[in-house]
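Visitor: Provided herewith: target-v7.json, JSON, N, CA, C and O atoms.
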[["chain", "number", "residue", "atom", "x", "y", "z"],
["A", 1, "MET", "N", -13.20, -13.91, 3.21],
["A", 1, "MET", "CA", -11.75, -13.91, 3.37],
["A", 1, "MET", "C", -11.12, -14.58, 2.15],
["A", 1, "MET", "O", -11.44, -15.71, 1.83],
["A", 2, "ASN", "N", -10.25, -13.86, 1.50],
["A", 2, "ASN", "CA", -9.57, -14.37, 0.31],
["A", 2, "ASN", "C", -8.35, -15.20, 0.74],
["A", 2, "ASN", "O", -7.40, -14.66, 1.32],
["A", 3, "PRO", "N", -8.33, -16.51, 0.46],
["A", 3, "PRO", "CA", -7.20, -17.33, 0.89],
["A", 3, "PRO", "C", -5.89, -16.97, 0.20],
["A", 3, "PRO", "O", -4.82, -17.38, 0.63],
["A", 4, "ASN", "N", -5.97, -16.20, -0.89],
["A", 4, "ASN", "CA", -4.76, -15.77, -1.59],
["A", 4, "ASN", "C", -4.20, -14.46, -1.04],
["A", 4, "ASN", "O", -3.20, -13.97, -1.54],
["A", 5, "ASN", "N", -4.87, -13.88, -0.07],
["A", 5, "ASN", "CA", -4.42, -12.61, 0.48],
["A", 5, "ASN", "C", -4.64, -12.58, 2.00],
["A", 5, "ASN", "O", -5.33, -11.71, 2.51],
["A", 6, "LEU", "N", -4.03, -13.53, 2.69],
["A", 6, "LEU", "CA", -4.15, -13.62, 4.14],
["A", 6, "LEU", "C", -3.02, -12.87, 4.81],
["A", 6, "LEU", "O", -1.92, -12.76, 4.27],
["A", 7, "THR", "N", -3.29, -12.37, 6.01],
["A", 7, "THR", "CA", -2.24, -11.83, 6.87],
["A", 7, "THR", "C", -2.30, -12.60, 8.18],
["A", 7, "THR", "O", -3.35, -12.68, 8.80],
["A", 8, "LYS", "N", -1.18, -13.19, 8.55],
["A", 8, "LYS", "CA", -1.11, -13.96, 9.80],
["A", 8, "LYS", "C", 0.07, -13.48, 10.62],
["A", 8, "LYS", "O", 1.07, -13.02, 10.08],
["A", 9, "GLU", "N", -0.08, -13.61, 11.94],
["A", 9, "GLU", "CA", 0.97, -13.20, 12.86],
["A", 9, "GLU", "C", 1.38, -14.37, 13.75],
["A", 9, "GLU", "O", 0.53, -15.16, 14.17],
["A", 10, "TYR", "N", 2.68, -14.43, 14.01],
["A", 10, "TYR", "CA", 3.25, -15.48, 14.85],
["A", 10, "TYR", "C", 4.27, -14.81, 15.78],
["A", 10, "TYR", "O", 5.05, -13.99, 15.32],
["A", 11, "THR", "N", 4.27, -15.18, 17.07],
["A", 11, "THR", "CA", 5.17, -14.50, 18.00],
["A", 11, "THR", "C", 5.94, -15.49, 18.88],
["A", 11, "THR", "O", 5.45, -16.58, 19.17],
["A", 12, "ASN", "N", 7.12, -15.06, 19.29],
["A", 12, "ASN", "CA", 7.89, -15.80, 20.29],
["A", 12, "ASN", "C", 7.83, -15.07, 21.63],
["A", 12, "ASN", "O", 8.54, -15.40, 22.56],
["A", 13, "GLY", "N", 6.99, -14.05, 21.72],
["A", 13, "GLY", "CA", 6.85, -13.26, 22.93],
["A", 13, "GLY", "C", 7.63, -11.96, 22.86],
["A", 13, "GLY", "O", 7.24, -10.96, 23.44],
["A", 14, "GLU", "N", 8.73, -11.97, 22.15],
["A", 14, "GLU", "CA", 9.59, -10.80, 22.02],
["A", 14, "GLU", "C", 9.38, -10.07, 20.69],
["A", 14, "GLU", "O", 9.35, -8.85, 20.63],
["A", 15, "VAL", "N", 9.24, -10.85, 19.63],
["A", 15, "VAL", "CA", 9.04, -10.31, 18.29],
["A", 15, "VAL", "C", 7.83, -11.01, 17.66],
["A", 15, "VAL", "O", 7.57, -12.18, 17.94],
["A", 16, "THR", "N", 7.09, -10.28, 16.85],
["A", 16, "THR", "CA", 5.96, -10.87, 16.12],
["A", 16, "THR", "C", 6.26, -10.82, 14.64],
["A", 16, "THR", "O", 6.60, -9.77, 14.10],
["A", 17, "ILE", "N", 6.15, -11.98, 14.00],
["A", 17, "ILE", "CA", 6.33, -12.11, 12.56],
["A", 17, "ILE", "C", 4.98, -11.90, 11.90],
["A", 17, "ILE", "O", 3.99, -12.49, 12.31],
["A", 18, "VAL", "N", 4.95, -11.05, 10.87],
["A", 18, "VAL", "CA", 3.73, -10.82, 10.10],
["A", 18, "VAL", "C", 3.97, -11.37, 8.70],
["A", 18, "VAL", "O", 4.94, -11.00, 8.03],
["A", 19, "TRP", "N", 3.09, -12.28, 8.27],
["A", 19, "TRP", "CA", 3.20, -12.88, 6.94],
["A", 19, "TRP", "C", 1.97, -12.51, 6.12],
["A", 19, "TRP", "O", 0.84, -12.70, 6.55],
["A", 20, "GLN", "N", 2.21, -11.94, 4.93],
["A", 20, "GLN", "CA", 1.13, -11.57, 4.01],
["A", 20, "GLN", "C", 1.22, -12.48, 2.79],
["A", 20, "GLN", "O", 2.12, -12.32, 1.95],
["A", 21, "SER", "N", 0.28, -13.39, 2.69],
["A", 21, "SER", "CA", 0.34, -14.41, 1.63],
["A", 21, "SER", "C", 0.28, -13.81, 0.23],
["A", 21, "SER", "O", 0.90, -14.33, -0.70],
["A", 22, "GLY", "N", -0.44, -12.71, 0.05],
["A", 22, "GLY", "CA", -0.59, -12.10, -1.26],
["A", 22, "GLY", "C", 0.70, -11.50, -1.81],
["A", 22, "GLY", "O", 0.83, -11.32, -3.02],
["A", 23, "LYS", "N", 1.66, -11.22, -0.93],
["A", 23, "LYS", "CA", 2.94, -10.66, -1.37],
["A", 23, "LYS", "C", 4.01, -11.73, -1.58],
["A", 23, "LYS", "O", 5.03, -11.47, -2.20],
["A", 24, "CYS", "N", 3.77, -12.92, -1.05],
["A", 24, "CYS", "CA", 4.80, -13.97, -1.07],
["A", 24, "CYS", "C", 5.06, -14.46, -2.48],
["A", 24, "CYS", "O", 4.14, -14.83, -3.22],
["A", 25, "ILE", "N", 6.34, -14.46, -2.88],
["A", 25, "ILE", "CA", 6.73, -14.96, -4.20],
["A", 25, "ILE", "C", 7.42, -16.33, -4.10],
["A", 25, "ILE", "O", 7.96, -16.83, -5.07],
["A", 26, "HIS", "N", 7.40, -16.92, -2.93],
["A", 26, "HIS", "CA", 7.93, -18.27, -2.69],
["A", 26, "HIS", "C", 9.39, -18.41, -3.09],
["A", 26, "HIS", "O", 9.78, -19.41, -3.70],
["A", 27, "SER", "N", 10.18, -17.41, -2.74],
["A", 27, "SER", "CA", 11.62, -17.46, -3.02],
["A", 27, "SER", "C", 12.33, -18.47, -2.12],
["A", 27, "SER", "O", 13.43, -18.89, -2.41],
["A", 28, "ALA", "N", 11.70, -18.81, -1.00],
["A", 28, "ALA", "CA", 12.23, -19.76, -0.01],
["A", 28, "ALA", "C", 13.44, -19.22, 0.75],
["A", 28, "ALA", "O", 14.13, -19.98, 1.41],
["A", 29, "ASN", "N", 13.70, -17.91, 0.66],
["A", 29, "ASN", "CA", 14.80, -17.34, 1.44],
["A", 29, "ASN", "C", 14.60, -17.60, 2.94],
["A", 29, "ASN", "O", 15.57, -17.88, 3.64],
["A", 30, "CYS", "N", 13.38, -17.51, 3.41],
["A", 30, "CYS", "CA", 13.11, -17.72, 4.83],
["A", 30, "CYS", "C", 13.45, -19.15, 5.23],
["A", 30, "CYS", "O", 14.10, -19.38, 6.26],
["A", 31, "VAL", "N", 13.05, -20.11, 4.42],
["A", 31, "VAL", "CA", 13.30, -21.52, 4.71],
["A", 31, "VAL", "C", 14.80, -21.81, 4.68],
["A", 31, "VAL", "O", 15.33, -22.50, 5.55],
["A", 32, "LYS", "N", 15.49, -21.27, 3.69],
["A", 32, "LYS", "CA", 16.93, -21.50, 3.55],
["A", 32, "LYS", "C", 17.72, -20.86, 4.70],
["A", 32, "LYS", "O", 18.71, -21.42, 5.16],
["A", 33, "ASN", "N", 17.29, -19.68, 5.15],
["A", 33, "ASN", "CA", 18.03, -18.95, 6.17],
["A", 33, "ASN", "C", 17.67, -19.32, 7.60],
["A", 33, "ASN", "O", 18.47, -19.10, 8.51],
["A", 34, "ASN", "N", 16.47, -19.86, 7.81],
["A", 34, "ASN", "CA", 16.06, -20.21, 9.18],
["A", 34, "ASN", "C", 15.06, -21.36, 9.14],
["A", 34, "ASN", "O", 13.88, -21.19, 9.46],
["A", 35, "PRO", "N", 15.51, -22.57, 8.79],
["A", 35, "PRO", "CA", 14.60, -23.71, 8.66],
["A", 35, "PRO", "C", 13.98, -24.17, 9.98],
["A", 35, "PRO", "O", 12.99, -24.91, 9.96],
["A", 36, "ASP", "N", 14.53, -23.74, 11.12],
["A", 36, "ASP", "CA", 13.92, -24.08, 12.40],
["A", 36, "ASP", "C", 12.60, -23.35, 12.61],
["A", 36, "ASP", "O", 11.71, -23.85, 13.30],
["A", 37, "VAL", "N", 12.46, -22.18, 12.01],
["A", 37, "VAL", "CA", 11.27, -21.36, 12.17],
["A", 37, "VAL", "C", 10.31, -21.51, 10.99],
["A", 37, "VAL", "O", 9.10, -21.62, 11.17],
["A", 38, "PHE", "N", 10.85, -21.50, 9.78],
["A", 38, "PHE", "CA", 10.02, -21.50, 8.58],
["A", 38, "PHE", "C", 9.97, -22.90, 7.97],
["A", 38, "PHE", "O", 10.93, -23.35, 7.36],
["A", 39, "ARG", "N", 8.83, -23.58, 8.17],
["A", 39, "ARG", "CA", 8.66, -24.96, 7.74],
["A", 39, "ARG", "C", 7.38, -25.07, 6.91],
["A", 39, "ARG", "O", 6.30, -25.34, 7.45],
["A", 40, "PRO", "N", 7.47, -24.85, 5.61],
["A", 40, "PRO", "CA", 6.28, -24.76, 4.78],
["A", 40, "PRO", "C", 5.41, -26.01, 4.71],
["A", 40, "PRO", "O", 4.25, -25.93, 4.36],
["A", 41, "LYS", "N", 5.93, -27.15, 5.08],
["A", 41, "LYS", "CA", 5.14, -28.38, 5.02],
["A", 41, "LYS", "C", 4.41, -28.67, 6.32],
["A", 41, "LYS", "O", 3.72, -29.68, 6.43],
["A", 42, "GLU", "N", 4.55, -27.80, 7.32],
["A", 42, "GLU", "CA", 3.92, -28.01, 8.62],
["A", 42, "GLU", "C", 2.87, -26.94, 8.88],
["A", 42, "GLU", "O", 2.83, -25.91, 8.23],
["A", 43, "LYS", "N", 2.01, -27.20, 9.85],
["A", 43, "LYS", "CA", 1.01, -26.21, 10.29],
["A", 43, "LYS", "C", 1.10, -26.08, 11.79],
["A", 43, "LYS", "O", 1.02, -27.10, 12.47],
["A", 44, "PRO", "N", 1.31, -24.92, 12.35],
["A", 44, "PRO", "CA", 1.58, -23.69, 11.61],
["A", 44, "PRO", "C", 2.97, -23.76, 10.97],
["A", 44, "PRO", "O", 3.86, -24.40, 11.50],
["A", 45, "TRP", "N", 3.11, -23.10, 9.86],
["A", 45, "TRP", "CA", 4.37, -23.20, 9.12],
["A", 45, "TRP", "C", 5.45, -22.27, 9.67],
["A", 45, "TRP", "O", 6.62, -22.43, 9.36],
["A", 46, "ILE", "N", 5.06, -21.32, 10.51],
["A", 46, "ILE", "CA", 6.02, -20.43, 11.15],
["A", 46, "ILE", "C", 5.98, -20.69, 12.66],
["A", 46, "ILE", "O", 4.94, -20.57, 13.29],
["A", 47, "THR", "N", 7.14, -21.07, 13.23],
["A", 47, "THR", "CA", 7.23, -21.36, 14.66],
["A", 47, "THR", "C", 8.38, -20.54, 15.26],
["A", 47, "THR", "O", 9.49, -21.04, 15.42],
["A", 48, "PRO", "N", 8.12, -19.27, 15.59],
["A", 48, "PRO", "CA", 9.19, -18.37, 16.03],
["A", 48, "PRO", "C", 9.85, -18.76, 17.35],
["A", 48, "PRO", "O", 10.98, -18.34, 17.62],
["A", 49, "GLU", "N", 9.20, -19.57, 18.14],
["A", 49, "GLU", "CA", 9.81, -19.97, 19.41],
["A", 49, "GLU", "C", 11.00, -20.90, 19.20],
["A", 49, "GLU", "O", 11.74, -21.19, 20.14],
["A", 50, "GLN", "N", 11.25, -21.31, 17.96],
["A", 50, "GLN", "CA", 12.36, -22.22, 17.64],
["A", 50, "GLN", "C", 13.67, -21.50, 17.31],
["A", 50, "GLN", "O", 14.63, -22.15, 16.91],
["A", 51, "SER", "N", 13.72, -20.16, 17.48],
["A", 51, "SER", "CA", 14.91, -19.42, 17.09],
["A", 51, "SER", "C", 15.06, -18.18, 17.97],
["A", 51, "SER", "O", 14.16, -17.82, 18.71],
["A", 52, "THR", "N", 16.18, -17.52, 17.82],
["A", 52, "THR", "CA", 16.39, -16.27, 18.54],
["A", 52, "THR", "C", 15.73, -15.13, 17.79],
["A", 52, "THR", "O", 15.55, -15.18, 16.57],
["A", 53, "THR", "N", 15.40, -14.10, 18.51],
["A", 53, "THR", "CA", 14.81, -12.91, 17.90],
["A", 53, "THR", "C", 15.74, -12.30, 16.87],
["A", 53, "THR", "O", 15.31, -11.91, 15.79],
["A", 54, "GLU", "N", 17.03, -12.26, 17.17],
["A", 54, "GLU", "CA", 18.01, -11.68, 16.25],
["A", 54, "GLU", "C", 18.04, -12.44, 14.92],
["A", 54, "GLU", "O", 18.09, -11.84, 13.86],
["A", 55, "LYS", "N", 18.03, -13.76, 14.99],
["A", 55, "LYS", "CA", 18.06, -14.56, 13.76],
["A", 55, "LYS", "C", 16.76, -14.42, 12.98],
["A", 55, "LYS", "O", 16.77, -14.38, 11.75],
["A", 56, "ILE", "N", 15.64, -14.32, 13.67],
["A", 56, "ILE", "CA", 14.35, -14.11, 13.01],
["A", 56, "ILE", "C", 14.36, -12.80, 12.24],
["A", 56, "ILE", "O", 13.98, -12.73, 11.07],
["A", 57, "ILE", "N", 14.82, -11.72, 12.89],
["A", 57, "ILE", "CA", 14.87, -10.41, 12.24],
["A", 57, "ILE", "C", 15.80, -10.44, 11.04],
["A", 57, "ILE", "O", 15.47, -9.92, 9.97],
["A", 58, "SER", "N", 16.95, -11.07, 11.18],
["A", 58, "SER", "CA", 17.89, -11.18, 10.08],
["A", 58, "SER", "C", 17.27, -11.91, 8.90],
["A", 58, "SER", "O", 17.42, -11.51, 7.74],
["A", 59, "THR", "N", 16.55, -12.98, 9.18],
["A", 59, "THR", "CA", 15.89, -13.76, 8.13],
["A", 59, "THR", "C", 14.80, -12.93, 7.44],
["A", 59, "THR", "O", 14.72, -12.90, 6.20],
["A", 60, "ILE", "N", 13.99, -12.25, 8.21],
["A", 60, "ILE", "CA", 12.91, -11.44, 7.64],
["A", 60, "ILE", "C", 13.47, -10.33, 6.75],
["A", 60, "ILE", "O", 12.91, -10.02, 5.70],
["A", 61, "ASN", "N", 14.58, -9.75, 7.16],
["A", 61, "ASN", "CA", 15.20, -8.68, 6.36],
["A", 61, "ASN", "C", 15.70, -9.17, 5.01],
["A", 61, "ASN", "O", 15.99, -8.36, 4.12],
["A", 62, "LYS", "N", 15.78, -10.48, 4.81],
["A", 62, "LYS", "CA", 16.23, -11.05, 3.53],
["A", 62, "LYS", "C", 15.05, -11.41, 2.62],
["A", 62, "LYS", "O", 15.26, -11.91, 1.51],
["A", 63, "CYS", "N", 13.83, -11.16, 3.06],
["A", 63, "CYS", "CA", 12.64, -11.49, 2.25],
["A", 63, "CYS", "C", 12.54, -10.50, 1.09],
["A", 63, "CYS", "O", 12.34, -9.31, 1.29],
["A", 64, "PRO", "N", 12.66, -10.98, -0.16],
["A", 64, "PRO", "CA", 12.69, -10.06, -1.31],
["A", 64, "PRO", "C", 11.35, -9.43, -1.65],
["A", 64, "PRO", "O", 11.31, -8.37, -2.28],
["A", 65, "SER", "N", 10.25, -10.03, -1.24],
["A", 65, "SER", "CA", 8.93, -9.53, -1.64],
["A", 65, "SER", "C", 8.28, -8.62, -0.61],
["A", 65, "SER", "O", 7.32, -7.92, -0.92],
["A", 66, "GLY", "N", 8.79, -8.65, 0.62],
["A", 66, "GLY", "CA", 8.14, -7.89, 1.68],
["A", 66, "GLY", "C", 6.96, -8.63, 2.30],
["A", 66, "GLY", "O", 6.20, -8.06, 3.08],
["A", 67, "ALA", "N", 6.80, -9.91, 1.96],
["A", 67, "ALA", "CA", 5.71, -10.71, 2.53],
["A", 67, "ALA", "C", 5.91, -10.93, 4.02],
["A", 67, "ALA", "O", 4.94, -11.09, 4.76],
["A", 68, "LEU", "N", 7.16, -10.96, 4.45],
["A", 68, "LEU", "CA", 7.48, -11.12, 5.87],
["A", 68, "LEU", "C", 7.94, -9.78, 6.44],
["A", 68, "LEU", "O", 8.86, -9.16, 5.90],
["A", 69, "THR", "N", 7.31, -9.38, 7.51],
["A", 69, "THR", "CA", 7.73, -8.20, 8.27],
["A", 69, "THR", "C", 7.67, -8.58, 9.74],
["A", 69, "THR", "O", 7.26, -9.70, 10.09],
["A", 70, "PHE", "N", 8.07, -7.67, 10.59],
["A", 70, "PHE", "CA", 8.03, -7.96, 12.03],
["A", 70, "PHE", "C", 7.80, -6.68, 12.80],
["A", 70, "PHE", "O", 7.99, -5.59, 12.29],
["A", 71, "TYR", "N", 7.40, -6.87, 14.05],
["A", 71, "TYR", "CA", 7.40, -5.76, 15.00],
["A", 71, "TYR", "C", 7.76, -6.32, 16.36],
["A", 71, "TYR", "O", 7.53, -7.50, 16.66],
["A", 72, "MET", "N", 8.39, -5.46, 17.15],
["A", 72, "MET", "CA", 8.79, -5.86, 18.50],
["A", 72, "MET", "C", 7.59, -5.72, 19.42],
["A", 72, "MET", "O", 6.84, -4.74, 19.34],
["A", 73, "ASN", "N", 7.41, -6.70, 20.28],
["A", 73, "ASN", "CA", 6.33, -6.66, 21.24],
["A", 73, "ASN", "C", 6.70, -5.74, 22.40],
["A", 73, "ASN", "O", 7.88, -5.61, 22.74],
["A", 74, "LYS", "N", 5.71, -5.14, 23.00],
["A", 74, "LYS", "CA", 5.95, -4.29, 24.16],
["A", 74, "LYS", "C", 6.26, -5.17, 25.35],
["A", 74, "LYS", "O", 5.59, -6.17, 25.58],
["A", 75, "GLN", "N", 7.28, -4.80, 26.08],
["A", 75, "GLN", "CA", 7.69, -5.58, 27.25],
["A", 75, "GLN", "C", 6.89, -5.19, 28.47],
["A", 75, "GLN", "O", 6.56, -4.10, 28.70]]
Have the structure of the file written as C-alpha cells, please.

Guide:
Amino acid sequence: MNPNNLTKEYTNGEVTIVWQSGKCIHSANCVKNNPDVFRPKEKPWITPEQSTTEKIISTINKCPSGALTFYMNKQ
C-alpha cells in the first residue's frame, strides 16, 4: 500500500466522503469551508457527523483537485 496514494471513506450515514491522498494538492479549501468536518491535525481528520450533508456536499464541490468526492448512501 502506497501511503502517498490512499483512498479513504468517511460517512455520516447519509453521505460518504471519499478522499484520495494522491490527488490532494493541500489547497485547504475543505478546512476553510467546513472546519467542523475537515481537521487535518486530528485522526481521523474527516469527521462527517459534525456537519449537515448539504454543507459537506457544498464543501466537496469546492475541492480544486478532485481529491474529495462523495456518494449518497442507500437508505

Visitor: Just the residues within 6 Å of Asp36 of chain A, please, counting all atoms listed in the file, with nothing from its chain fewer than 3 positions along; format it as JSON, numbers by chain.

Guide: {"A": [31, 39, 47, 50, 51]}

Visitor: Write out, as a PDB file, keeping the file's coordinate frame, the residues just selected, with N, CA, C and O atoms.

Guide:
ATOM      1  N   VAL A  31      13.050 -20.110   4.420  1.00  0.00           N
ATOM      2  CA  VAL A  31      13.300 -21.520   4.710  1.00  0.00           C
ATOM      3  C   VAL A  31      14.800 -21.810   4.680  1.00  0.00           C
ATOM      4  O   VAL A  31      15.330 -22.500   5.550  1.00  0.00           O
ATOM      5  N   ARG A  39       8.830 -23.580   8.170  1.00  0.00           N
ATOM      6  CA  ARG A  39       8.660 -24.960   7.740  1.00  0.00           C
ATOM      7  C   ARG A  39       7.380 -25.070   6.910  1.00  0.00           C
ATOM      8  O   ARG A  39       6.300 -25.340   7.450  1.00  0.00           O
ATOM      9  N   THR A  47       7.140 -21.070  13.230  1.00  0.00           N
ATOM     10  CA  THR A  47       7.230 -21.360  14.660  1.00  0.00           C
ATOM     11  C   THR A  47       8.380 -20.540  15.260  1.00  0.00           C
ATOM     12  O   THR A  47       9.490 -21.040  15.420  1.00  0.00           O
ATOM     13  N   GLN A  50      11.250 -21.310  17.960  1.00  0.00           N
ATOM     14  CA  GLN A  50      12.360 -22.220  17.640  1.00  0.00           C
ATOM     15  C   GLN A  50      13.670 -21.500  17.310  1.00  0.00           C
ATOM     16  O   GLN A  50      14.630 -22.150  16.910  1.00  0.00           O
ATOM     17  N   SER A  51      13.720 -20.160  17.480  1.00  0.00           N
ATOM     18  CA  SER A  51      14.910 -19.420  17.090  1.00  0.00           C
ATOM     19  C   SER A  51      15.060 -18.180  17.970  1.00  0.00           C
ATOM     20  O   SER A  51      14.160 -17.820  18.710  1.00  0.00           O
TER      21      SER A  51
END

Visitor: Rounded to one decimal place, report the atom CA of Lys55 of chain A-atom CA of Asn4 of chain A distance in Å.

Guide: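 Those two atoms sit 27.5 Å apart.
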
Visitor: Residues of chain A in alpha helix (DSSP H) according to DSSP, as a PyMOL selection string?

Guide: chain A and resi 29-33+53-60

Visitor: With all atoms listed in the file as the counted atoms, please give the residues lying no more than 7 Å from Pro64 of chain A, apart from itself and same-chain residues fewer than 3 positions off, as an MDAnalysis selection string.

Guide: chainID A and resid 23 29 59:61 67

Visitor: Record the distance separating atom CA of Phe38 of chain A and atom O of Thr11 of chain A, expressed in Å with one decimal.

Guide: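 Taking atom CA of Phe38 of chain A as the start and atom O of Thr11 of chain A as the end point, the length is 12.5 Å.
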
Visitor: List the spatial neighbours of Leu68 of chain A as a list in words - criterion: any atom at most 8 Å away, all atoms listed in the file, same-chain residues fewer than 2 positions off excluded.

Guide: Lys8, Thr16, Ile17, Val18, Trp19, Gln20, Ser21, Lys23, Cys24, Ile57, Thr59, Ile60, Asn61, Lys62, Cys63, Pro64, Ser65, Gly66 and Phe70 of chain A

Visitor: Out of A:Pro35, A:Ser27, A:Gly22, A:Pro48, which residue has the shortest atom-to-atom distance to Leu6 of chain A when counting only C-alpha atoms?

Guide: A:Gly22

Visitor: If you run DSSP on the backbone, which residues of chain A are strand (DSSP E), as a PDB file with N, CA, C and O atoms, in the coordinates of the input?

Guide:
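Below you can see selection_5.pdb, which holds the result:
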ATOM      1  N   THR A   7      -3.290 -12.370   6.010  1.00  0.00           N
ATOM      2  CA  THR A   7      -2.240 -11.830   6.870  1.00  0.00           C
ATOM      3  C   THR A   7      -2.300 -12.600   8.180  1.00  0.00           C
ATOM      4  O   THR A   7      -3.350 -12.680   8.800  1.00  0.00           O
ATOM      5  N   LYS A   8      -1.180 -13.190   8.550  1.00  0.00           N
ATOM      6  CA  LYS A   8      -1.110 -13.960   9.800  1.00  0.00           C
ATOM      7  C   LYS A   8       0.070 -13.480  10.620  1.00  0.00           C
ATOM      8  O   LYS A   8       1.070 -13.020  10.080  1.00  0.00           O
ATOM      9  N   GLU A   9      -0.080 -13.610  11.940  1.00  0.00           N
ATOM     10  CA  GLU A   9       0.970 -13.200  12.860  1.00  0.00           C
ATOM     11  C   GLU A   9       1.380 -14.370  13.750  1.00  0.00           C
ATOM     12  O   GLU A   9       0.530 -15.160  14.170  1.00  0.00           O
ATOM     13  N   TYR A  10       2.680 -14.430  14.010  1.00  0.00           N
ATOM     14  CA  TYR A  10       3.250 -15.480  14.850  1.00  0.00           C
ATOM     15  C   TYR A  10       4.270 -14.810  15.780  1.00  0.00           C
ATOM     16  O   TYR A  10       5.050 -13.990  15.320  1.00  0.00           O
ATOM     17  N   THR A  11       4.270 -15.180  17.070  1.00  0.00           N
ATOM     18  CA  THR A  11       5.170 -14.500  18.000  1.00  0.00           C
ATOM     19  C   THR A  11       5.940 -15.490  18.880  1.00  0.00           C
ATOM     20  O   THR A  11       5.450 -16.580  19.170  1.00  0.00           O
ATOM     21  N   VAL A  15       9.240 -10.850  19.630  1.00  0.00           N
ATOM     22  CA  VAL A  15       9.040 -10.310  18.290  1.00  0.00           C
ATOM     23  C   VAL A  15       7.830 -11.010  17.660  1.00  0.00           C
ATOM     24  O   VAL A  15       7.570 -12.180  17.940  1.00  0.00           O
ATOM     25  N   THR A  16       7.090 -10.280  16.850  1.00  0.00           N
ATOM     26  CA  THR A  16       5.960 -10.870  16.120  1.00  0.00           C
ATOM     27  C   THR A  16       6.260 -10.820  14.640  1.00  0.00           C
ATOM     28  O   THR A  16       6.600  -9.770  14.100  1.00  0.00           O
ATOM     29  N   ILE A  17       6.150 -11.980  14.000  1.00  0.00           N
ATOM     30  CA  ILE A  17       6.330 -12.110  12.560  1.00  0.00           C
ATOM     31  C   ILE A  17       4.980 -11.900  11.900  1.00  0.00           C
ATOM     32  O   ILE A  17       3.990 -12.490  12.310  1.00  0.00           O
ATOM     33  N   VAL A  18       4.950 -11.050  10.870  1.00  0.00           N
ATOM     34  CA  VAL A  18       3.730 -10.820  10.100  1.00  0.00           C
ATOM     35  C   VAL A  18       3.970 -11.370   8.700  1.00  0.00           C
ATOM     36  O   VAL A  18       4.940 -11.000   8.030  1.00  0.00           O
ATOM     37  N   TRP A  19       3.090 -12.280   8.270  1.00  0.00           N
ATOM     38  CA  TRP A  19       3.200 -12.880   6.940  1.00  0.00           C
ATOM     39  C   TRP A  19       1.970 -12.510   6.120  1.00  0.00           C
ATOM     40  O   TRP A  19       0.840 -12.700   6.550  1.00  0.00           O
ATOM     41  N   GLN A  20       2.210 -11.940   4.930  1.00  0.00           N
ATOM     42  CA  GLN A  20       1.130 -11.570   4.010  1.00  0.00           C
ATOM     43  C   GLN A  20       1.220 -12.480   2.790  1.00  0.00           C
ATOM     44  O   GLN A  20       2.120 -12.320   1.950  1.00  0.00           O
ATOM     45  N   LEU A  68       7.160 -10.960   4.450  1.00  0.00           N
ATOM     46  CA  LEU A  68       7.480 -11.120   5.870  1.00  0.00           C
ATOM     47  C   LEU A  68       7.940  -9.780   6.440  1.00  0.00           C
ATOM     48  O   LEU A  68       8.860  -9.160   5.900  1.00  0.00           O
ATOM     49  N   THR A  69       7.310  -9.380   7.510  1.00  0.00           N
ATOM     50  CA  THR A  69       7.730  -8.200   8.270  1.00  0.00           C
ATOM     51  C   THR A  69       7.670  -8.580   9.740  1.00  0.00           C
ATOM     52  O   THR A  69       7.260  -9.700  10.090  1.00  0.00           O
ATOM     53  N   PHE A  70       8.070  -7.670  10.590  1.00  0.00           N
ATOM     54  CA  PHE A  70       8.030  -7.960  12.030  1.00  0.00           C
ATOM     55  C   PHE A  70       7.800  -6.680  12.800  1.00  0.00           C
ATOM     56  O   PHE A  70       7.990  -5.590  12.290  1.00  0.00           O
ATOM     57  N   TYR A  71       7.400  -6.870  14.050  1.00  0.00           N
ATOM     58  CA  TYR A  71       7.400  -5.760  15.000  1.00  0.00           C
ATOM     59  C   TYR A  71       7.760  -6.320  16.360  1.00  0.00           C
ATOM     60  O   TYR A  71       7.530  -7.500  16.660  1.00  0.00           O
ATOM     61  N   MET A  72       8.390  -5.460  17.150  1.00  0.00           N
ATOM     62  CA  MET A  72       8.790  -5.860  18.500  1.00  0.00           C
ATOM     63  C   MET A  72       7.590  -5.720  19.420  1.00  0.00           C
ATOM     64  O   MET A  72       6.840  -4.740  19.340  1.00  0.00           O
TER      65      MET A  72
END

Visitor: When you draw a straight line from atom CA of Asn12 of chain A to atom CA of Thr53 of chain A, how long is it in Å?

Guide: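 Between these atoms lies a distance of 7.9 Å.
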
Visitor: May I ask which of the residues A:Asn33, A:Tyr10, A:Val15, A:Ile25 is the closest one to Lys74 of chain A, counting only N, CA, C and O atoms?

Guide: A:Val15
